[in-house]
file model21.cif (mmCIF, C-alpha atoms, pLDDT in the B column; chains and numbers go by the auth columns)
data_coords
#
loop_
_atom_site.group_PDB
_atom_site.id
_atom_site.type_symbol
_atom_site.label_atom_id
_atom_site.label_comp_id
_atom_site.label_asym_id
_atom_site.label_seq_id
_atom_site.Cartn_x
_atom_site.Cartn_y
_atom_site.Cartn_z
_atom_site.B_iso_or_equiv
_atom_site.auth_seq_id
_atom_site.auth_asym_id
ATOM 1 C CA MET A 1 0.000 0.000 0.000 53.00 1 A
ATOM 2 C CA LYS A 2 2.789 2.455 0.879 56.00 2 A
ATOM 3 C CA LEU A 3 4.591 1.562 -2.336 49.00 3 A
ATOM 4 C CA ARG A 4 1.493 2.437 -4.414 54.00 4 A
ATOM 5 C CA THR A 5 1.136 5.762 -2.615 45.00 5 A
ATOM 6 C CA LEU A 6 4.801 6.553 -3.201 42.00 6 A
ATOM 7 C CA ALA A 7 4.514 5.615 -6.895 45.00 7 A
ATOM 8 C CA ALA A 8 1.434 7.820 -7.324 46.00 8 A
ATOM 9 C CA ALA A 9 3.160 10.755 -5.619 43.00 9 A
ATOM 10 C CA CYS A 10 6.219 10.370 -7.877 41.00 10 A
ATOM 11 C CA ALA A 11 4.035 10.221 -10.982 45.00 11 A
ATOM 12 C CA ALA A 12 2.205 13.398 -9.937 43.00 12 A
ATOM 13 C CA LEU A 13 5.487 15.207 -9.289 39.00 13 A
ATOM 14 C CA VAL A 14 6.874 14.228 -12.692 38.00 14 A
ATOM 15 C CA SER A 15 3.732 15.419 -14.517 38.00 15 A
ATOM 16 C CA VAL A 16 3.837 18.781 -12.700 36.00 16 A
ATOM 17 C CA SER A 17 7.520 19.173 -13.616 38.00 17 A
ATOM 18 C CA PHE A 18 6.806 18.510 -17.281 40.00 18 A
ATOM 19 C CA ALA A 19 3.869 20.949 -17.263 40.00 19 A
ATOM 20 C CA GLY A 20 6.105 23.706 -15.879 44.00 20 A
ATOM 21 C CA ALA A 21 8.787 22.960 -18.463 45.00 21 A
ATOM 22 C CA ALA A 22 6.223 23.017 -21.262 45.00 22 A
ATOM 23 C CA LEU A 23 4.959 26.434 -20.160 47.00 23 A
ATOM 24 C CA ALA A 24 8.540 27.711 -20.040 54.00 24 A
ATOM 25 C CA ASP A 25 9.072 26.527 -23.658 69.00 25 A
ATOM 26 C CA ASP A 26 6.079 28.540 -24.920 86.00 26 A
ATOM 27 C CA PRO A 27 7.461 31.657 -26.703 94.00 27 A
ATOM 28 C CA ILE A 28 6.607 34.919 -24.957 96.00 28 A
ATOM 29 C CA THR A 29 5.397 37.841 -27.067 97.00 29 A
ATOM 30 C CA ALA A 30 5.077 41.455 -25.973 97.00 30 A
ATOM 31 C CA LYS A 31 2.905 43.556 -28.264 98.00 31 A
ATOM 32 C CA LEU A 32 3.894 47.201 -27.935 97.00 32 A
ATOM 33 C CA GLN A 33 1.579 50.208 -27.995 96.00 33 A
ATOM 34 C CA ASN A 34 4.071 52.009 -30.269 95.00 34 A
ATOM 35 C CA PRO A 35 6.529 50.331 -32.652 96.00 35 A
ATOM 36 C CA VAL A 36 10.272 50.531 -32.053 95.00 36 A
ATOM 37 C CA ALA A 37 12.181 52.661 -34.575 94.00 37 A
ATOM 38 C CA THR A 38 14.876 50.029 -35.163 96.00 38 A
ATOM 39 C CA LYS A 39 15.369 46.358 -34.395 96.00 39 A
ATOM 40 C CA THR A 40 16.170 46.021 -30.699 96.00 40 A
ATOM 41 C CA LYS A 41 17.644 43.133 -28.709 97.00 41 A
ATOM 42 C CA PHE A 42 17.859 42.940 -24.910 97.00 42 A
ATOM 43 C CA ILE A 43 17.688 40.501 -21.998 96.00 43 A
ATOM 44 C CA ALA A 44 14.726 40.476 -19.603 96.00 44 A
ATOM 45 C CA GLY A 45 13.471 37.746 -17.296 95.00 45 A
ATOM 46 C CA GLY A 46 16.382 35.487 -18.180 94.00 46 A
ATOM 47 C CA SER A 47 15.588 35.514 -21.912 96.00 47 A
ATOM 48 C CA VAL A 48 16.680 37.373 -25.010 97.00 48 A
ATOM 49 C CA PHE A 49 13.916 39.536 -26.475 98.00 49 A
ATOM 50 C CA MET A 50 14.087 40.547 -30.143 98.00 50 A
ATOM 51 C CA CYS A 51 11.887 43.529 -31.040 98.00 51 A
ATOM 52 C CA GLU A 52 10.857 44.699 -34.481 97.00 52 A
ATOM 53 C CA GLY A 53 7.924 46.961 -35.232 97.00 53 A
ATOM 54 C CA ASP A 54 5.333 46.552 -32.480 97.00 54 A
ATOM 55 C CA THR A 55 6.375 43.015 -31.470 98.00 55 A
ATOM 56 C CA CYS A 56 9.019 41.717 -29.080 98.00 56 A
ATOM 57 C CA LEU A 57 9.601 37.958 -28.947 97.00 57 A
ATOM 58 C CA ALA A 58 11.446 35.732 -26.482 96.00 58 A
ATOM 59 C CA ALA A 59 11.683 32.532 -28.538 93.00 59 A
ATOM 60 C CA ALA A 60 13.447 30.516 -25.798 93.00 60 A
ATOM 61 C CA PRO A 61 11.983 31.790 -22.520 94.00 61 A
ATOM 62 C CA SER A 62 13.106 30.615 -19.112 90.00 62 A
ATOM 63 C CA SER A 63 10.772 29.783 -16.255 88.00 63 A
ATOM 64 C CA ARG A 64 11.142 33.421 -15.095 92.00 64 A
ATOM 65 C CA THR A 65 10.156 35.043 -18.394 94.00 65 A
ATOM 66 C CA TYR A 66 6.368 34.950 -17.961 94.00 66 A
ATOM 67 C CA ALA A 67 6.171 37.439 -15.096 94.00 67 A
ATOM 68 C CA THR A 68 4.997 40.969 -14.384 95.00 68 A
ATOM 69 C CA SER A 69 8.572 41.910 -13.474 96.00 69 A
ATOM 70 C CA THR A 70 9.747 40.858 -16.958 96.00 70 A
ATOM 71 C CA CYS A 71 6.912 42.800 -18.569 97.00 71 A
ATOM 72 C CA LYS A 72 8.104 45.850 -16.597 96.00 72 A
ATOM 73 C CA GLU A 73 11.654 45.347 -17.906 96.00 73 A
ATOM 74 C CA VAL A 74 10.284 45.241 -21.461 97.00 74 A
ATOM 75 C CA ALA A 75 8.226 48.409 -20.923 96.00 75 A
ATOM 76 C CA LYS A 76 11.189 50.181 -19.337 95.00 76 A
ATOM 77 C CA THR A 77 13.383 49.258 -22.326 95.00 77 A
ATOM 78 C CA VAL A 78 11.104 49.721 -25.359 95.00 78 A
ATOM 79 C CA GLY A 79 7.938 51.462 -24.175 95.00 79 A
ATOM 80 C CA ALA A 80 4.351 50.725 -23.197 96.00 80 A
ATOM 81 C CA VAL A 81 3.065 47.171 -23.622 97.00 81 A
ATOM 82 C CA ALA A 82 -0.369 46.339 -25.060 97.00 82 A
ATOM 83 C CA SER A 83 -0.208 42.597 -24.296 97.00 83 A
ATOM 84 C CA PHE A 84 2.293 40.153 -22.812 97.00 84 A
ATOM 85 C CA GLY A 85 2.357 36.366 -22.719 96.00 85 A
ATOM 86 C CA GLY A 86 2.383 33.156 -24.668 94.00 86 A
ATOM 87 C CA ALA A 87 -0.112 31.114 -26.625 91.00 87 A
ATOM 88 C CA ARG A 88 -1.413 29.482 -23.437 91.00 88 A
ATOM 89 C CA LYS A 89 -1.483 32.413 -21.031 92.00 89 A
ATOM 90 C CA GLN A 90 -1.534 36.221 -21.208 95.00 90 A
ATOM 91 C CA LEU A 91 -1.052 38.771 -18.425 96.00 91 A
ATOM 92 C CA GLU A 92 -4.326 40.297 -17.250 96.00 92 A
ATOM 93 C CA ALA A 93 -5.144 43.974 -17.917 96.00 93 A
ATOM 94 C CA ASP A 94 -4.288 45.065 -14.354 96.00 94 A
ATOM 95 C CA LYS A 95 -0.822 43.478 -14.663 96.00 95 A
ATOM 96 C CA ILE A 96 -0.283 45.231 -18.020 97.00 96 A
ATOM 97 C CA GLU A 97 -1.135 48.537 -16.297 96.00 97 A
ATOM 98 C CA GLN A 98 1.521 47.742 -13.664 95.00 98 A
ATOM 99 C CA CYS A 99 4.047 47.154 -16.462 94.00 99 A
ATOM 100 C CA ASN A 100 3.284 50.444 -18.130 96.00 100 A
ATOM 101 C CA VAL A 101 3.821 52.498 -14.972 95.00 101 A
ATOM 102 C CA VAL A 102 7.566 52.229 -15.697 94.00 102 A
ATOM 103 C CA ALA A 103 7.257 52.475 -19.500 92.00 103 A
ATOM 104 C CA LEU A 104 9.725 54.579 -21.376 74.00 104 A
ATOM 105 C CA PRO A 105 7.836 57.446 -23.095 74.00 105 A
ATOM 106 C CA ALA A 106 7.305 56.914 -26.853 59.00 106 A
ATOM 107 C CA GLN A 107 9.477 59.936 -27.731 49.00 107 A
ATOM 108 C CA GLN A 108 12.461 58.475 -25.850 55.00 108 A
ATOM 109 C CA VAL A 109 11.973 55.068 -27.504 54.00 109 A
ATOM 110 C CA ALA A 110 12.159 56.705 -30.957 52.00 110 A
ATOM 111 C CA ASN A 111 15.402 58.453 -29.976 52.00 111 A
ATOM 112 C CA ASN A 112 17.129 55.292 -28.649 54.00 112 A
#
call {"tool": "encode", "arguments": {"input": "model21.cif", "output": "structure tokens"}}
result
Amino acid sequence: MKLRTLAAACAALVSVSFAGAALADDPITAKLQNPVATKTKFIAGGSVFMCEGDTCLAAAPSSRTYATSTCKEVAKTVGAVASFGGARKQLEADKIEQCNVVALPAQQVANN
């Protein structure tokens, strides 16, 4: 009986680990309110973001990339964010507002 319980607990732990890894593999996209003037590359949330036009993409995100703090780093670097997340999960509107509190003004983004 104890062996079955232990086996079930191990199986549950493994499935949770794989679910977290799968979410981390989902590319993260930040749609910007204003496009960047030139292609921009920077690191935020443990991942490299490549920005062109009104889209920034972290193709190989880490487990830390999908976070409000990372969204804030993006906003601070390239300006206000319209949406942030992956195919499976997006930050809610109130979290996007928190990101944009630190956003670089559009005029400064154009001059960078």
call {"tool": "closest_residue", "arguments": {"input": "model21.cif", "among": "A:Thr29, A:Thr55, A:Thr68, A:Ser62", "to": "Glu92 of chain A", "atoms": "all atoms listed in the file"}}
result
A:Thr68
call {"tool": "residues_around", "arguments": {"input": "model21.cif", "residues": "segment 38-41 of chain A", "least_positions_apart": "5", "cutoff": "6 Å", "atoms": "all atoms listed in the file", "output": "PyMOL selection string"}}
result
chain A and resi 49-52
call {"tool": "residues_around", "arguments": {"input": "model21.cif", "residues": "Pro61 of chain A", "least_positions_apart": "6", "cutoff": "9 Å", "atoms": "all atoms listed in the file", "output": "JSON list (two decimals) with C-alpha atoms, in the coordinates of the input"}}
result
[["chain", "number", "residue", "atom", "x", "y", "z"],
["A", 24, "ALA", "CA", 8.54, 27.71, -20.04],
["A", 25, "ASP", "CA", 9.07, 26.53, -23.66],
["A", 26, "ASP", "CA", 6.08, 28.54, -24.92],
["A", 27, "PRO", "CA", 7.46, 31.66, -26.70],
["A", 28, "ILE", "CA", 6.61, 34.92, -24.96],
["A", 45, "GLY", "CA", 13.47, 37.75, -17.30],
["A", 46, "GLY", "CA", 16.38, 35.49, -18.18],
["A", 47, "SER", "CA", 15.59, 35.51, -21.91],
["A", 48, "VAL", "CA", 16.68, 37.37, -25.01],
["A", 49, "PHE", "CA", 13.92, 39.54, -26.48]]
call {"tool": "closest_residue", "arguments": {"input": "model21.cif", "among": "A:Leu104, A:Ile43, A:Ala58, A:Lys95", "to": "Val78 of chain A", "atoms": "only C-alpha atoms"}}
result
A:Leu104
call {"tool": "closest_residue", "arguments": {"input": "model21.cif", "among": "A:Leu32, A:Ala37, A:Cys99, A:Arg88", "to": "Glu73 of chain A", "atoms": "only C-alpha atoms"}}
result
A:Cys99
call {"tool": "resolve_selection", "arguments": {"input": "model21.cif", "expression": "the PyMOL selection byres ((chain A and resi 35) around 6)", "output": "PyMOL selection string"}}
result
chain A and resi 34+36+53-54
call {"tool": "write_last_selection", "arguments": {"input": "model21.cif", "atoms": "C-alpha atoms", "output": "compact mmCIF listing (two decimals), in the frame of the given file"}}
result
# COMPACT_ATOMS: atom_id res chain seq x y z
CA ASN A 34 4.07 52.01 -30.27
CA VAL A 36 10.27 50.53 -32.05
CA GLY A 53 7.92 46.96 -35.23
CA ASP A 54 5.33 46.55 -32.48
call {"tool": "atom_distance", "arguments": {"input": "model21.cif", "atom1": "atom CA of Leu57 of chain A", "atom2": "atom CA of Lys31 of chain A"}}
result
8.8 Å
call {"tool": "residues_around", "arguments": {"input": "model21.cif", "residues": "Ile96 of chain A", "least_positions_apart": "6", "cutoff": "8 Å", "atoms": "only C-alpha atoms", "output": "ChimeraX atom specification"}}
result
/A:68,71,81-84
call {"tool": "closest_residue", "arguments": {"input": "model21.cif", "among": "A:Ala60, A:Ala44, A:Ala93, A:Ala103", "to": "Ala75 of chain A", "atoms": "all atoms listed in the file"}}
result
A:Ala103
call {"tool": "closest_residue", "arguments": {"input": "model21.cif", "among": "A:Phe42, A:Ser63, A:Ala80, A:Gly85", "to": "Glu97 of chain A", "atoms": "all atoms listed in the file"}}
result
A:Ala80
call {"tool": "atom_distance", "arguments": {"input": "model21.cif", "atom1": "atom CA of Ala87 of chain A", "atom2": "atom CA of Ala59 of chain A"}}
result
12.0 Å
call {"tool": "atom_distance", "arguments": {"input": "model21.cif", "atom1": "atom CA of Lys89 of chain A", "atom2": "atom CA of Pro105 of chain A"}}
result
26.8 Å
call {"tool": "closest_residue", "arguments": {"input": "model21.cif", "among": "A:Gln33, A:Val74, A:Val102, A:Tyr66", "to": "Gln90 of chain A", "atoms": "all atoms listed in the file"}}
result
A:Tyr66
call {"tool": "build_atoms", "arguments": {"input": "model21.cif", "residues": "segment 61-75 of chain A", "atoms": "N, CA, C and O atoms", "output": "short mmCIF file (atom, residue, chain, number, x, y, z; two decimals), in the frame of the given file"}}
result
data_model
loop_
_atom_site.label_atom_id
_atom_site.label_comp_id
_atom_site.auth_asym_id
_atom_site.auth_seq_id
_atom_site.Cartn_x
_atom_site.Cartn_y
_atom_site.Cartn_z
N PRO A 61 12.13 31.22 -23.86
CA PRO A 61 11.98 31.79 -22.52
C PRO A 61 12.42 30.83 -21.42
O PRO A 61 12.39 29.62 -21.60
N SER A 62 12.79 31.42 -20.29
CA SER A 62 13.11 30.62 -19.11
C SER A 62 11.84 30.54 -18.25
O SER A 62 10.82 31.14 -18.59
N SER A 63 11.93 29.87 -17.15
CA SER A 63 10.77 29.78 -16.26
C SER A 63 10.45 31.13 -15.62
O SER A 63 9.35 31.33 -15.12
N ARG A 64 11.36 32.09 -15.68
CA ARG A 64 11.14 33.42 -15.10
C ARG A 64 10.58 34.42 -16.09
O ARG A 64 10.22 35.54 -15.71
N THR A 65 10.51 34.07 -17.37
CA THR A 65 10.16 35.04 -18.39
C THR A 65 8.70 35.49 -18.31
O THR A 65 8.41 36.67 -18.49
N TYR A 66 7.78 34.57 -18.06
CA TYR A 66 6.37 34.95 -17.96
C TYR A 66 6.12 35.50 -16.56
O TYR A 66 5.77 34.77 -15.64
N ALA A 67 6.34 36.80 -16.40
CA ALA A 67 6.17 37.44 -15.10
C ALA A 67 5.93 38.93 -15.29
O ALA A 67 6.40 39.53 -16.26
N THR A 68 5.23 39.53 -14.34
CA THR A 68 5.00 40.97 -14.38
C THR A 68 6.32 41.73 -14.34
O THR A 68 6.48 42.74 -15.02
N SER A 69 7.28 41.23 -13.57
CA SER A 69 8.57 41.91 -13.47
C SER A 69 9.28 41.94 -14.83
O SER A 69 9.92 42.93 -15.19
N THR A 70 9.15 40.88 -15.62
CA THR A 70 9.75 40.86 -16.96
C THR A 70 9.02 41.82 -17.88
O THR A 70 9.65 42.55 -18.65
N CYS A 71 7.71 41.86 -17.78
CA CYS A 71 6.91 42.80 -18.57
C CYS A 71 7.35 44.23 -18.26
O CYS A 71 7.50 45.06 -19.16
N LYS A 72 7.63 44.52 -16.99
CA LYS A 72 8.10 45.85 -16.60
C LYS A 72 9.46 46.15 -17.23
O LYS A 72 9.70 47.28 -17.67
N GLU A 73 10.35 45.16 -17.28
CA GLU A 73 11.65 45.35 -17.91
C GLU A 73 11.49 45.67 -19.39
O GLU A 73 12.18 46.53 -19.93
N VAL A 74 10.56 44.99 -20.05
CA VAL A 74 10.28 45.24 -21.46
C VAL A 74 9.78 46.67 -21.63
O VAL A 74 10.28 47.42 -22.48
N ALA A 75 8.80 47.07 -20.83
CA ALA A 75 8.23 48.41 -20.92
C ALA A 75 9.27 49.48 -20.64
O ALA A 75 9.30 50.53 -21.30
#
